[in-house]
file final.cif (mmCIF, C-alpha atoms (C1' of nucleotides))
data_data
#
loop_
_atom_site.group_PDB
_atom_site.id
_atom_site.type_symbol
_atom_site.label_atom_id
_atom_site.label_comp_id
_atom_site.auth_asym_id
_atom_site.auth_seq_id
_atom_site.Cartn_x
_atom_site.Cartn_y
_atom_site.Cartn_z
ATOM 1 C CA MET A 128 27.879 9.733 15.234
ATOM 2 C CA LYS A 129 26.072 11.666 17.917
ATOM 3 C CA GLU A 130 24.833 14.529 15.845
ATOM 4 C CA LEU A 131 23.297 12.433 13.089
ATOM 5 C CA LEU A 132 19.831 12.903 14.487
ATOM 6 C CA GLY A 133 18.001 16.165 14.984
ATOM 7 C CA LYS A 134 17.576 18.294 18.044
ATOM 8 C CA ASP A 135 15.887 16.444 20.875
ATOM 9 C CA MET A 136 16.375 13.179 19.058
ATOM 10 C CA ARG A 137 18.417 10.408 20.515
ATOM 11 C CA LEU A 138 20.450 7.761 18.813
ATOM 12 C CA THR A 139 19.089 4.912 20.885
ATOM 13 C CA ASN A 140 20.382 1.377 20.597
ATOM 14 C CA GLN A 141 17.200 0.463 18.780
ATOM 15 C CA ARG A 142 17.764 3.159 16.167
ATOM 16 C CA ARG A 143 21.434 2.369 15.773
ATOM 17 C CA ILE A 144 20.855 -1.345 15.291
ATOM 18 C CA ILE A 145 17.997 -0.816 12.844
ATOM 19 C CA LEU A 146 20.231 1.487 10.823
ATOM 20 C CA GLU A 147 23.208 -0.886 10.958
ATOM 21 C CA GLU A 148 21.159 -3.878 9.915
ATOM 22 C CA LEU A 149 19.554 -2.021 7.065
ATOM 23 C CA LYS A 150 22.902 -0.761 5.823
ATOM 24 C CA SER A 151 24.353 -4.260 5.997
ATOM 25 C CA VAL A 152 22.078 -5.665 3.297
ATOM 26 C CA THR A 153 21.103 -4.767 -0.254
ATOM 27 C CA THR A 154 17.815 -6.592 -0.179
ATOM 28 C CA HIS A 155 15.409 -3.707 0.492
ATOM 29 C CA PRO A 156 13.662 -5.491 3.362
ATOM 30 C CA THR A 157 10.135 -4.816 4.579
ATOM 31 C CA ALA A 158 9.511 -3.505 8.091
ATOM 32 C CA ASP A 159 8.690 -7.010 9.159
ATOM 33 C CA GLU A 160 11.906 -8.417 7.743
ATOM 34 C CA ILE A 161 13.902 -5.695 9.486
ATOM 35 C CA TYR A 162 12.093 -6.604 12.674
ATOM 36 C CA GLY A 163 13.295 -10.178 12.224
ATOM 37 C CA MET A 164 16.881 -9.077 11.580
ATOM 38 C CA VAL A 165 17.024 -6.703 14.527
ATOM 39 C CA ARG A 166 15.485 -9.203 16.911
ATOM 40 C CA GLN A 167 18.523 -11.426 16.516
ATOM 41 C CA LYS A 168 20.572 -8.763 18.258
ATOM 42 C CA MET A 169 17.862 -7.266 20.419
ATOM 43 C CA PRO A 170 15.220 -9.889 21.112
ATOM 44 C CA ARG A 171 12.822 -7.723 23.092
ATOM 45 C CA ILE A 172 12.374 -4.946 20.508
ATOM 46 C CA SER A 173 8.815 -4.521 19.303
ATOM 47 C CA LEU A 174 7.477 -4.220 15.792
ATOM 48 C CA GLY A 175 5.951 -0.862 16.661
ATOM 49 C CA THR A 176 9.370 0.468 17.579
ATOM 50 C CA VAL A 177 10.756 -0.725 14.275
ATOM 51 C CA TYR A 178 8.006 1.052 12.369
ATOM 52 C CA ARG A 179 8.412 4.232 14.404
ATOM 53 C CA ASN A 180 12.153 4.314 13.928
ATOM 54 C CA LEU A 181 12.107 3.542 10.245
ATOM 55 C CA GLU A 182 9.829 6.541 9.930
ATOM 56 C CA VAL A 183 12.246 8.711 11.931
ATOM 57 C CA LEU A 184 15.284 7.509 10.007
ATOM 58 C CA SER A 185 13.667 8.031 6.649
ATOM 59 C CA SER A 186 12.370 11.483 7.493
ATOM 60 C CA LEU A 187 15.961 12.382 8.411
ATOM 61 C CA GLY A 188 17.143 11.022 5.075
ATOM 62 C CA LEU A 189 19.292 8.311 6.686
ATOM 63 C CA VAL A 190 17.368 5.569 4.939
ATOM 64 C CA ARG A 191 15.106 5.548 1.936
ATOM 65 C CA LYS A 192 11.509 4.445 2.123
ATOM 66 C CA LEU A 193 10.236 2.757 -1.023
ATOM 67 C CA GLU A 194 6.532 3.274 -1.052
ATOM 68 C CA ASN A 195 6.139 3.762 -4.781
ATOM 69 C CA ALA A 196 5.009 0.223 -4.955
ATOM 70 C CA ALA A 197 2.305 -2.300 -4.725
ATOM 71 C CA GLY A 198 1.977 -3.964 -1.375
ATOM 72 C CA GLN A 199 4.302 -3.430 1.541
ATOM 73 C CA LYS A 200 6.724 -0.620 2.006
ATOM 74 C CA ARG A 201 10.368 -1.535 1.712
ATOM 75 C CA PHE A 202 13.452 0.209 3.010
ATOM 76 C CA ASP A 203 16.864 0.894 1.508
ATOM 77 C CA GLY A 204 19.965 1.685 3.554
ATOM 78 C CA ASP A 205 21.627 3.091 0.437
ATOM 79 C CA VAL A 206 20.541 6.700 0.036
ATOM 80 C CA SER A 207 22.699 7.419 -3.005
ATOM 81 C CA PRO A 208 20.705 8.246 -6.133
ATOM 82 C CA HIS A 209 19.613 5.134 -7.961
ATOM 83 C CA HIS A 210 16.456 3.453 -9.227
ATOM 84 C CA HIS A 211 14.691 0.224 -8.378
ATOM 85 C CA ILE A 212 13.145 -2.737 -10.091
ATOM 86 C CA ARG A 213 10.398 -4.745 -8.493
ATOM 87 C CA CYS A 214 9.619 -8.397 -9.167
ATOM 88 C CA GLU A 215 6.018 -8.732 -10.290
ATOM 89 C CA VAL A 216 5.851 -12.234 -8.905
ATOM 90 C CA CYS A 217 7.399 -12.135 -5.442
ATOM 91 C CA GLY A 218 7.724 -8.398 -4.783
ATOM 92 C CA LYS A 219 11.478 -8.458 -4.293
ATOM 93 C CA VAL A 220 13.288 -5.217 -5.153
ATOM 94 C CA GLY A 221 16.629 -4.832 -6.935
ATOM 95 C CA ASP A 222 18.820 -1.830 -7.657
ATOM 96 C CA ILE A 223 19.359 -0.113 -10.983
ATOM 97 C CA PHE A 224 22.421 2.099 -10.958
ATOM 98 C CA ASP A 225 22.941 2.713 -14.656
ATOM 99 C CA ALA A 226 19.678 4.019 -16.037
ATOM 100 C CA PRO A 227 19.871 6.993 -18.409
ATOM 101 C CA ASP A 228 19.786 10.285 -16.571
ATOM 102 C CA ILE A 229 16.316 11.788 -16.466
ATOM 103 C CA THR A 230 17.269 14.955 -14.604
ATOM 104 C CA GLY A 231 15.110 17.854 -15.675
ATOM 105 C CA ILE A 232 12.357 15.683 -17.074
ATOM 106 C CA GLU A 233 9.896 17.485 -14.800
ATOM 107 C CA GLN A 234 10.548 20.896 -16.391
ATOM 108 C CA GLY A 235 7.802 22.622 -18.285
ATOM 109 C CA LEU A 236 5.137 19.982 -17.926
ATOM 110 C CA GLY A 237 1.483 20.824 -18.378
ATOM 111 C CA THR A 238 0.162 20.447 -14.854
ATOM 112 C CA ASP A 239 -1.204 22.727 -12.182
ATOM 113 C CA PHE A 240 0.599 20.732 -9.511
ATOM 114 C CA GLN A 241 3.797 22.181 -8.091
ATOM 115 C CA ILE A 242 6.239 19.405 -8.939
ATOM 116 C CA THR A 243 8.571 18.287 -6.155
ATOM 117 C CA GLY A 244 9.950 14.974 -7.318
ATOM 118 C CA VAL A 245 10.154 12.276 -9.927
ATOM 119 C CA SER A 246 10.364 8.548 -9.496
ATOM 120 C CA LEU A 247 11.350 6.034 -12.109
ATOM 121 C CA GLU A 248 10.618 2.456 -11.198
ATOM 122 C CA PHE A 249 11.084 -0.645 -13.279
ATOM 123 C CA SER A 250 9.133 -3.847 -12.995
ATOM 124 C CA GLY A 251 10.232 -7.290 -13.999
ATOM 125 C CA ILE A 252 10.817 -10.845 -12.949
ATOM 126 C CA CYS A 253 13.683 -11.708 -10.647
ATOM 127 C CA PRO A 254 16.090 -14.585 -11.395
ATOM 128 C CA GLN A 255 14.552 -16.878 -8.784
ATOM 129 C CA CYS A 256 11.035 -16.386 -10.144
ATOM 130 C CA GLN A 257 12.272 -16.844 -13.718
ATOM 131 C CA ALA A 258 13.649 -20.218 -12.679
ATOM 132 C CA GLY A 259 10.779 -21.577 -10.607
ATOM 133 C CA LYS A 260 8.090 -20.256 -12.884
ATOM 134 C CA LYS A 261 5.265 -22.332 -11.580
ATOM 135 C CA LEU A 262 5.733 -22.021 -7.868
ATOM 136 C CA ALA A 263 5.979 -18.282 -7.357
ATOM 137 C CA GLN A 264 7.834 -18.329 -4.025
ATOM 138 C CA MET B 263 -20.058 -4.331 -26.132
ATOM 139 C CA LYS B 264 -20.700 -7.983 -25.380
ATOM 140 C CA GLU B 265 -17.315 -9.310 -26.299
ATOM 141 C CA LEU B 266 -15.269 -6.878 -24.266
ATOM 142 C CA LEU B 267 -14.751 -9.402 -21.516
ATOM 143 C CA GLY B 268 -13.035 -12.749 -21.819
ATOM 144 C CA LYS B 269 -14.480 -16.186 -22.254
ATOM 145 C CA ASP B 270 -16.836 -17.140 -19.474
ATOM 146 C CA MET B 271 -16.903 -13.573 -18.236
ATOM 147 C CA ARG B 272 -20.067 -11.588 -18.152
ATOM 148 C CA LEU B 273 -20.645 -7.908 -18.527
ATOM 149 C CA THR B 274 -22.925 -7.618 -15.547
ATOM 150 C CA ASN B 275 -24.667 -4.394 -14.614
ATOM 151 C CA GLN B 276 -22.222 -4.001 -11.751
ATOM 152 C CA ARG B 277 -19.236 -4.221 -14.103
ATOM 153 C CA ARG B 278 -20.786 -1.948 -16.683
ATOM 154 C CA ILE B 279 -21.663 0.748 -14.184
ATOM 155 C CA ILE B 280 -18.277 0.613 -12.478
ATOM 156 C CA LEU B 281 -16.626 1.010 -15.870
ATOM 157 C CA GLU B 282 -18.954 3.833 -16.939
ATOM 158 C CA GLU B 283 -18.489 5.742 -13.716
ATOM 159 C CA LEU B 284 -14.733 5.399 -13.839
ATOM 160 C CA LYS B 285 -14.614 6.547 -17.454
ATOM 161 C CA SER B 286 -16.791 9.537 -16.642
ATOM 162 C CA VAL B 287 -14.223 11.164 -14.348
ATOM 163 C CA THR B 288 -10.573 12.147 -14.529
ATOM 164 C CA THR B 289 -10.009 12.078 -10.792
ATOM 165 C CA HIS B 290 -8.376 8.664 -10.369
ATOM 166 C CA PRO B 291 -10.692 7.604 -7.562
ATOM 167 C CA THR B 292 -9.932 4.989 -4.910
ATOM 168 C CA ALA B 293 -11.996 1.800 -4.686
ATOM 169 C CA ASP B 294 -13.943 3.366 -1.879
ATOM 170 C CA GLU B 295 -14.711 6.493 -3.883
ATOM 171 C CA ILE B 296 -15.841 4.355 -6.820
ATOM 172 C CA TYR B 297 -18.061 2.453 -4.404
ATOM 173 C CA GLY B 298 -19.637 5.774 -3.435
ATOM 174 C CA MET B 299 -20.159 6.782 -7.063
ATOM 175 C CA VAL B 300 -21.641 3.467 -8.133
ATOM 176 C CA ARG B 301 -23.958 3.283 -5.149
ATOM 177 C CA GLN B 302 -25.809 6.319 -6.429
ATOM 178 C CA LYS B 303 -27.000 4.252 -9.370
ATOM 179 C CA MET B 304 -26.983 0.868 -7.720
ATOM 180 C CA PRO B 305 -27.530 1.260 -3.999
ATOM 181 C CA ARG B 306 -27.237 -2.383 -2.998
ATOM 182 C CA ILE B 307 -23.814 -3.075 -4.538
ATOM 183 C CA SER B 308 -21.201 -4.139 -2.033
ATOM 184 C CA LEU B 309 -17.661 -2.882 -1.589
ATOM 185 C CA GLY B 310 -16.335 -6.403 -2.136
ATOM 186 C CA THR B 311 -17.967 -6.505 -5.545
ATOM 187 C CA VAL B 312 -16.368 -3.200 -6.445
ATOM 188 C CA TYR B 313 -12.929 -4.498 -5.473
ATOM 189 C CA ARG B 314 -13.455 -7.764 -7.319
ATOM 190 C CA ASN B 315 -14.614 -6.061 -10.475
ATOM 191 C CA LEU B 316 -11.921 -3.411 -10.498
ATOM 192 C CA GLU B 317 -9.486 -6.305 -10.400
ATOM 193 C CA VAL B 318 -11.228 -8.025 -13.304
ATOM 194 C CA LEU B 319 -11.443 -4.841 -15.366
ATOM 195 C CA SER B 320 -7.827 -3.949 -14.798
ATOM 196 C CA SER B 321 -6.562 -7.432 -15.585
ATOM 197 C CA LEU B 322 -8.432 -7.133 -18.872
ATOM 198 C CA GLY B 323 -6.776 -3.790 -19.522
ATOM 199 C CA LEU B 324 -10.088 -1.908 -19.527
ATOM 200 C CA VAL B 325 -8.997 0.288 -16.640
ATOM 201 C CA ARG B 326 -5.625 1.094 -15.186
ATOM 202 C CA LYS B 327 -4.731 0.324 -11.603
ATOM 203 C CA LEU B 328 -2.340 2.824 -10.038
ATOM 204 C CA GLU B 329 -0.567 0.976 -7.328
ATOM 205 C CA ASN B 330 2.801 2.621 -7.704
ATOM 206 C CA ALA B 331 1.941 4.730 -4.766
ATOM 207 C CA ALA B 332 1.849 5.271 -1.093
ATOM 208 C CA GLY B 333 -1.415 4.375 0.559
ATOM 209 C CA GLN B 334 -4.510 3.346 -1.329
ATOM 210 C CA LYS B 335 -4.705 2.091 -4.838
ATOM 211 C CA ARG B 336 -6.364 4.380 -7.342
ATOM 212 C CA PHE B 337 -7.987 3.629 -10.669
ATOM 213 C CA ASP B 338 -7.928 5.369 -14.031
ATOM 214 C CA GLY B 339 -10.545 4.891 -16.734
ATOM 215 C CA ASP B 340 -8.138 6.329 -19.308
ATOM 216 C CA VAL B 341 -5.892 3.541 -20.524
ATOM 217 C CA SER B 342 -4.035 5.639 -23.095
ATOM 218 C CA PRO B 343 -0.318 6.011 -22.356
ATOM 219 C CA HIS B 344 0.346 8.842 -19.938
ATOM 220 C CA HIS B 345 1.994 9.491 -16.591
ATOM 221 C CA HIS B 346 0.727 10.601 -13.211
ATOM 222 C CA ILE B 347 1.545 13.084 -10.512
ATOM 223 C CA ARG B 348 0.571 12.477 -6.920
ATOM 224 C CA CYS B 349 -0.061 15.180 -4.316
ATOM 225 C CA GLU B 350 2.215 14.603 -1.332
ATOM 226 C CA VAL B 351 -0.277 16.264 0.957
ATOM 227 C CA CYS B 352 -3.686 14.842 0.092
ATOM 228 C CA GLY B 353 -2.832 11.918 -2.190
ATOM 229 C CA LYS B 354 -4.822 13.202 -5.151
ATOM 230 C CA VAL B 355 -3.548 12.099 -8.569
ATOM 231 C CA GLY B 356 -3.334 14.181 -11.742
ATOM 232 C CA ASP B 357 -2.447 13.335 -15.324
ATOM 233 C CA ILE B 358 0.738 14.217 -17.185
ATOM 234 C CA PHE B 359 0.331 13.852 -20.923
ATOM 235 C CA ASP B 360 3.355 15.758 -22.193
ATOM 236 C CA ALA B 361 6.374 14.277 -20.445
ATOM 237 C CA PRO B 362 9.434 13.579 -22.627
ATOM 238 C CA ASP B 363 9.330 10.156 -24.163
ATOM 239 C CA ILE B 364 11.303 7.602 -22.176
ATOM 240 C CA THR B 365 10.671 4.679 -24.500
ATOM 241 C CA GLY B 366 13.618 2.317 -24.525
ATOM 242 C CA ILE B 367 15.021 3.538 -21.232
ATOM 243 C CA GLU B 368 14.919 -0.032 -19.970
ATOM 244 C CA GLN B 369 17.314 -1.316 -22.629
ATOM 245 C CA GLY B 370 20.720 -2.612 -21.634
ATOM 246 C CA LEU B 371 20.458 -1.997 -17.921
ATOM 247 C CA GLY B 372 22.699 -3.865 -15.499
ATOM 248 C CA THR B 373 20.225 -6.116 -13.742
ATOM 249 C CA ASP B 374 19.542 -9.821 -13.596
ATOM 250 C CA PHE B 375 15.810 -9.166 -13.569
ATOM 251 C CA GLN B 376 13.914 -9.690 -16.785
ATOM 252 C CA ILE B 377 12.464 -6.225 -17.297
ATOM 253 C CA THR B 378 8.778 -6.041 -18.198
ATOM 254 C CA GLY B 379 7.813 -2.446 -17.587
ATOM 255 C CA VAL B 380 8.761 1.042 -16.551
ATOM 256 C CA SER B 381 6.797 3.546 -14.552
ATOM 257 C CA LEU B 382 7.497 7.238 -14.282
ATOM 258 C CA GLU B 383 5.599 8.973 -11.544
ATOM 259 C CA PHE B 384 5.834 12.569 -10.437
ATOM 260 C CA SER B 385 5.114 13.897 -6.992
ATOM 261 C CA GLY B 386 4.059 17.384 -6.075
ATOM 262 C CA ILE B 387 1.496 19.571 -4.419
ATOM 263 C CA CYS B 388 -1.921 20.028 -5.955
ATOM 264 C CA PRO B 389 -3.494 23.489 -6.396
ATOM 265 C CA GLN B 390 -5.905 23.032 -3.490
ATOM 266 C CA CYS B 391 -3.142 22.039 -1.097
ATOM 267 C CA GLN B 392 -0.946 24.910 -2.311
ATOM 268 C CA ALA B 393 -3.768 27.274 -1.406
ATOM 269 C CA GLY B 394 -4.800 25.920 1.977
ATOM 270 C CA LYS B 395 -1.264 25.254 3.112
ATOM 271 C CA LYS B 396 -1.973 24.873 6.788
ATOM 272 C CA LEU B 397 -5.056 22.732 6.736
ATOM 273 C CA ALA B 398 -4.007 19.902 4.490
ATOM 274 C CA GLN B 399 -7.511 18.685 3.546
ATOM 275 C "C1'" DT C 223 13.464 15.977 36.679
ATOM 276 C "C1'" DT C 224 11.952 16.522 32.320
ATOM 277 C "C1'" DA C 225 11.422 15.049 27.586
ATOM 278 C "C1'" DT C 226 12.039 11.281 24.694
ATOM 279 C "C1'" DT C 227 11.599 6.525 23.695
ATOM 280 C "C1'" DT C 228 10.162 1.889 24.420
ATOM 281 C "C1'" DG C 229 7.274 -2.527 24.721
ATOM 282 C "C1'" DC C 230 2.947 -4.106 24.631
ATOM 283 C "C1'" DA C 231 -1.519 -4.541 23.081
ATOM 284 C "C1'" DA C 232 -5.307 -2.778 20.957
ATOM 285 C "C1'" DA C 233 -7.060 -0.120 17.136
ATOM 286 C "C1'" DC C 234 -7.277 1.053 12.528
ATOM 287 C "C1'" DT C 235 -7.355 1.013 7.260
ATOM 288 C "C1'" DA C 236 -7.426 -1.091 3.028
ATOM 289 C "C1'" DT C 237 -8.276 -5.195 0.912
ATOM 290 C "C1'" DT C 238 -9.519 -10.071 0.354
ATOM 291 C "C1'" DT C 239 -12.212 -14.132 1.048
ATOM 292 C "C1'" DG C 240 -15.958 -17.883 2.247
ATOM 293 C "C1'" DC C 241 -20.268 -18.880 1.352
ATOM 294 C "C1'" DA C 242 -25.111 -19.266 0.420
ATOM 295 C "C1'" DA C 243 -28.264 -17.037 -2.604
ATOM 296 C "C1'" DG C 244 -29.068 -14.939 -7.111
ATOM 297 C "C1'" DA C 245 -28.434 -14.293 -12.059
ATOM 298 C "C1'" DT C 246 -27.138 -15.765 -16.720
ATOM 299 C "C1'" DT C 247 -26.366 -18.982 -20.467
ATOM 300 C "C1'" DA D 22 -28.402 -27.765 -14.985
ATOM 301 C "C1'" DA D 23 -24.062 -25.735 -14.740
ATOM 302 C "C1'" DT D 24 -21.386 -21.771 -14.152
ATOM 303 C "C1'" DC D 25 -20.481 -17.254 -12.973
ATOM 304 C "C1'" DT D 26 -21.460 -13.411 -9.927
ATOM 305 C "C1'" DT D 27 -23.254 -11.050 -6.022
ATOM 306 C "C1'" DG D 28 -24.095 -9.297 -1.167
ATOM 307 C "C1'" DC D 29 -22.871 -9.863 3.224
ATOM 308 C "C1'" DA D 30 -19.910 -10.505 6.907
ATOM 309 C "C1'" DA D 31 -15.866 -12.073 8.722
ATOM 310 C "C1'" DA D 32 -10.947 -12.503 8.098
ATOM 311 C "C1'" DT D 33 -6.536 -10.847 6.917
ATOM 312 C "C1'" DA D 34 -2.325 -7.906 6.274
ATOM 313 C "C1'" DG D 35 0.149 -4.042 7.127
ATOM 314 C "C1'" DT D 36 0.646 -0.223 9.885
ATOM 315 C "C1'" DT D 37 -0.352 3.107 13.564
ATOM 316 C "C1'" DT D 38 -1.447 4.553 18.156
ATOM 317 C "C1'" DG D 39 -2.352 5.034 23.459
ATOM 318 C "C1'" DC D 40 -0.266 4.487 27.488
ATOM 319 C "C1'" DA D 41 2.423 3.415 31.501
ATOM 320 C "C1'" DA D 42 7.139 2.159 32.391
ATOM 321 C "C1'" DA D 43 12.019 2.720 31.152
ATOM 322 C "C1'" DT D 44 15.727 5.435 29.594
ATOM 323 C "C1'" DA D 45 18.777 9.229 28.793
ATOM 324 C "C1'" DA D 46 19.964 14.324 28.757
#
call {"tool": "encode", "arguments": {"input": "final.cif", "output": "structure tokens"}}
result
Amino acid sequence: MKELLGKDMRLTNQRRIILEELKSVTTHPTADEIYGMVRQKMPRISLGTVYRNLEVLSSLGLVRKLENAAGQKRFDGDVSPHHHIRCEVCGKVGDIFDAPDITGIEQGLGTDFQITGVSLEFSGICPQCQAGKKLAQ
Amino acid sequence: MKELLGKDMRLTNQRRIILEELKSVTTHPTADEIYGMVRQKMPRISLGTVYRNLEVLSSLGLVRKLENAAGQKRFDGDVSPHHHIRCEVCGKVGDIFDAPDITGIEQGLGTDFQITGVSLEFSGICPQCQAGKKLAQ
DNA sequence: TTATTTGCAAACTATTTGCAAGATT
DNA sequence: AATCTTGCAAATAGTTTGCAAATAA
């Protein structure tokens, strides 16, 4: 597990625990939520460190940063290819593993941009918000 | 043009000018950029008013709010169905009118969310940033 | 012994809000 | 008159940054 990070980059306890915690859930937590999770195991970590390390981990491709979204960024410990659905009411994010394949959809489009990626995101209402319709959590 | 807005909603000069300015460009400006544009015609308007009215106009469907994005929200005066591409370097947004149709892609997916929408967004590098590769504007 | 990383606090950016004054019906 | 809207300024939320101390190669 030593060589996961790049040259001159260390797998510190902070990084390891952030990564472990993120991989242990499927909830796509925000930086702040990750901060709360990690603090249970490492009470003196700071929010700045969490932000810095999420940035490092996502630029290394070890976690996925979900910024194609309203509001806060969220993070996903599952880097396998899949899509997301975001609750319009509470902002919670779920996974979509079985959407039709859109590979190649970016070919031959009329744009002067050099295309580097495509993102398909669904929006909807999560089960909890469907239930408690009035009091959007 | 009086009945464009809902009951008890007025088409004030501020709203009209914001709408006109936004419809006069294809650049998907940020709230701050719209503030700059509108101030040329209405120097005493405040940024808060611009934010408030962009919210009103987009909730009425008269403009489109692009929040599926990193960083700032952007606004589009063209509400016809089309997709967007965002420059990874400078954040600029372009239009994509000729992407393959993905209508119905949300049908029968394995999720407990009630699906209400789909968004396809491309990312890439705009012509200006391709040119000046070092000095990302 | 040198470069990286951390905790802390302050700074920053984008956006929202409270409120008294102004405008519209 | 009653309601909606504005300008202004202050507040808020999320994130980033500077820096001295701590840590690890």
call {"tool": "interface_residues", "arguments": {"input": "final.cif", "of": "chain B", "to": "chain C", "cutoff": "12 Å", "atoms": "all atoms listed in the file", "output": "MDAnalysis selection string"}}
result
chainID B and resid 270:275 292:294 309:314 317 332:336
call {"tool": "resolve_selection", "arguments": {"input": "final.cif", "expression": "the PyMOL selection byres ((chain D) within 8 of (chain B))", "output": "PyMOL selection string"}}
result
chain D and resi 25+27-29
call {"tool": "interface_residues", "arguments": {"input": "final.cif", "of": "chain A", "to": "chain B", "cutoff": "9 Å", "atoms": "all atoms listed in the file", "output": "VMD selection string"}}
result
chain A and resid 193 to 198 200 212 to 215 221 to 227 229 232 to 254 257
call {"tool": "atom_distance", "arguments": {"input": "final.cif", "atom1": "CA of Lys354 in chain B", "atom2": "CA of Val287 in chain B"}}
result
13.3 Å
call {"tool": "atom_distance", "arguments": {"input": "final.cif", "atom1": "CA of Glu148 in chain A", "atom2": "C1' of DT38 in chain D"}}
result
25.5 Å
call {"tool": "axis_aligned_box", "arguments": {"input": "final.cif", "around": "range 26-35 of chain D", "padding_each_side": "5 Å", "output": "lines of an AutoDock Vina configuration file"}}
result
center_x = -12.0
center_y = -8.7
center_z = -0.6
size_x = 34.2
size_y = 19.4
size_z = 28.6
call {"tool": "atom_distance", "arguments": {"input": "final.cif", "atom1": "CA of Gly188 in chain A", "atom2": "CA of Met169 in chain A"}}
result
23.9 Å
call {"tool": "resolve_selection", "arguments": {"input": "final.cif", "expression": "the PyMOL selection byres ((chain B and resi 282) around 12)", "output": "mmCIF file with C-alpha atoms, keeping the file's coordinate frame"}}
result
data_model
loop_
_atom_site.group_PDB
_atom_site.id
_atom_site.type_symbol
_atom_site.label_atom_id
_atom_site.label_comp_id
_atom_site.auth_asym_id
_atom_site.auth_seq_id
_atom_site.Cartn_x
_atom_site.Cartn_y
_atom_site.Cartn_z
ATOM 1 C CA LEU B 273 -20.645 -7.908 -18.527
ATOM 2 C CA ASN B 275 -24.667 -4.394 -14.614
ATOM 3 C CA GLN B 276 -22.222 -4.001 -11.751
ATOM 4 C CA ARG B 277 -19.236 -4.221 -14.103
ATOM 5 C CA ARG B 278 -20.786 -1.948 -16.683
ATOM 6 C CA ILE B 279 -21.663 0.748 -14.184
ATOM 7 C CA ILE B 280 -18.277 0.613 -12.478
ATOM 8 C CA LEU B 281 -16.626 1.010 -15.870
ATOM 9 C CA GLU B 283 -18.489 5.742 -13.716
ATOM 10 C CA LEU B 284 -14.733 5.399 -13.839
ATOM 11 C CA LYS B 285 -14.614 6.547 -17.454
ATOM 12 C CA SER B 286 -16.791 9.537 -16.642
ATOM 13 C CA VAL B 287 -14.223 11.164 -14.348
ATOM 14 C CA ILE B 296 -15.841 4.355 -6.820
ATOM 15 C CA MET B 299 -20.159 6.782 -7.063
ATOM 16 C CA VAL B 300 -21.641 3.467 -8.133
ATOM 17 C CA LYS B 303 -27.000 4.252 -9.370
ATOM 18 C CA LEU B 316 -11.921 -3.411 -10.498
ATOM 19 C CA LEU B 319 -11.443 -4.841 -15.366
ATOM 20 C CA LEU B 324 -10.088 -1.908 -19.527
ATOM 21 C CA VAL B 325 -8.997 0.288 -16.640
ATOM 22 C CA ASP B 338 -7.928 5.369 -14.031
ATOM 23 C CA GLY B 339 -10.545 4.891 -16.734
ATOM 24 C CA ASP B 340 -8.138 6.329 -19.308
#
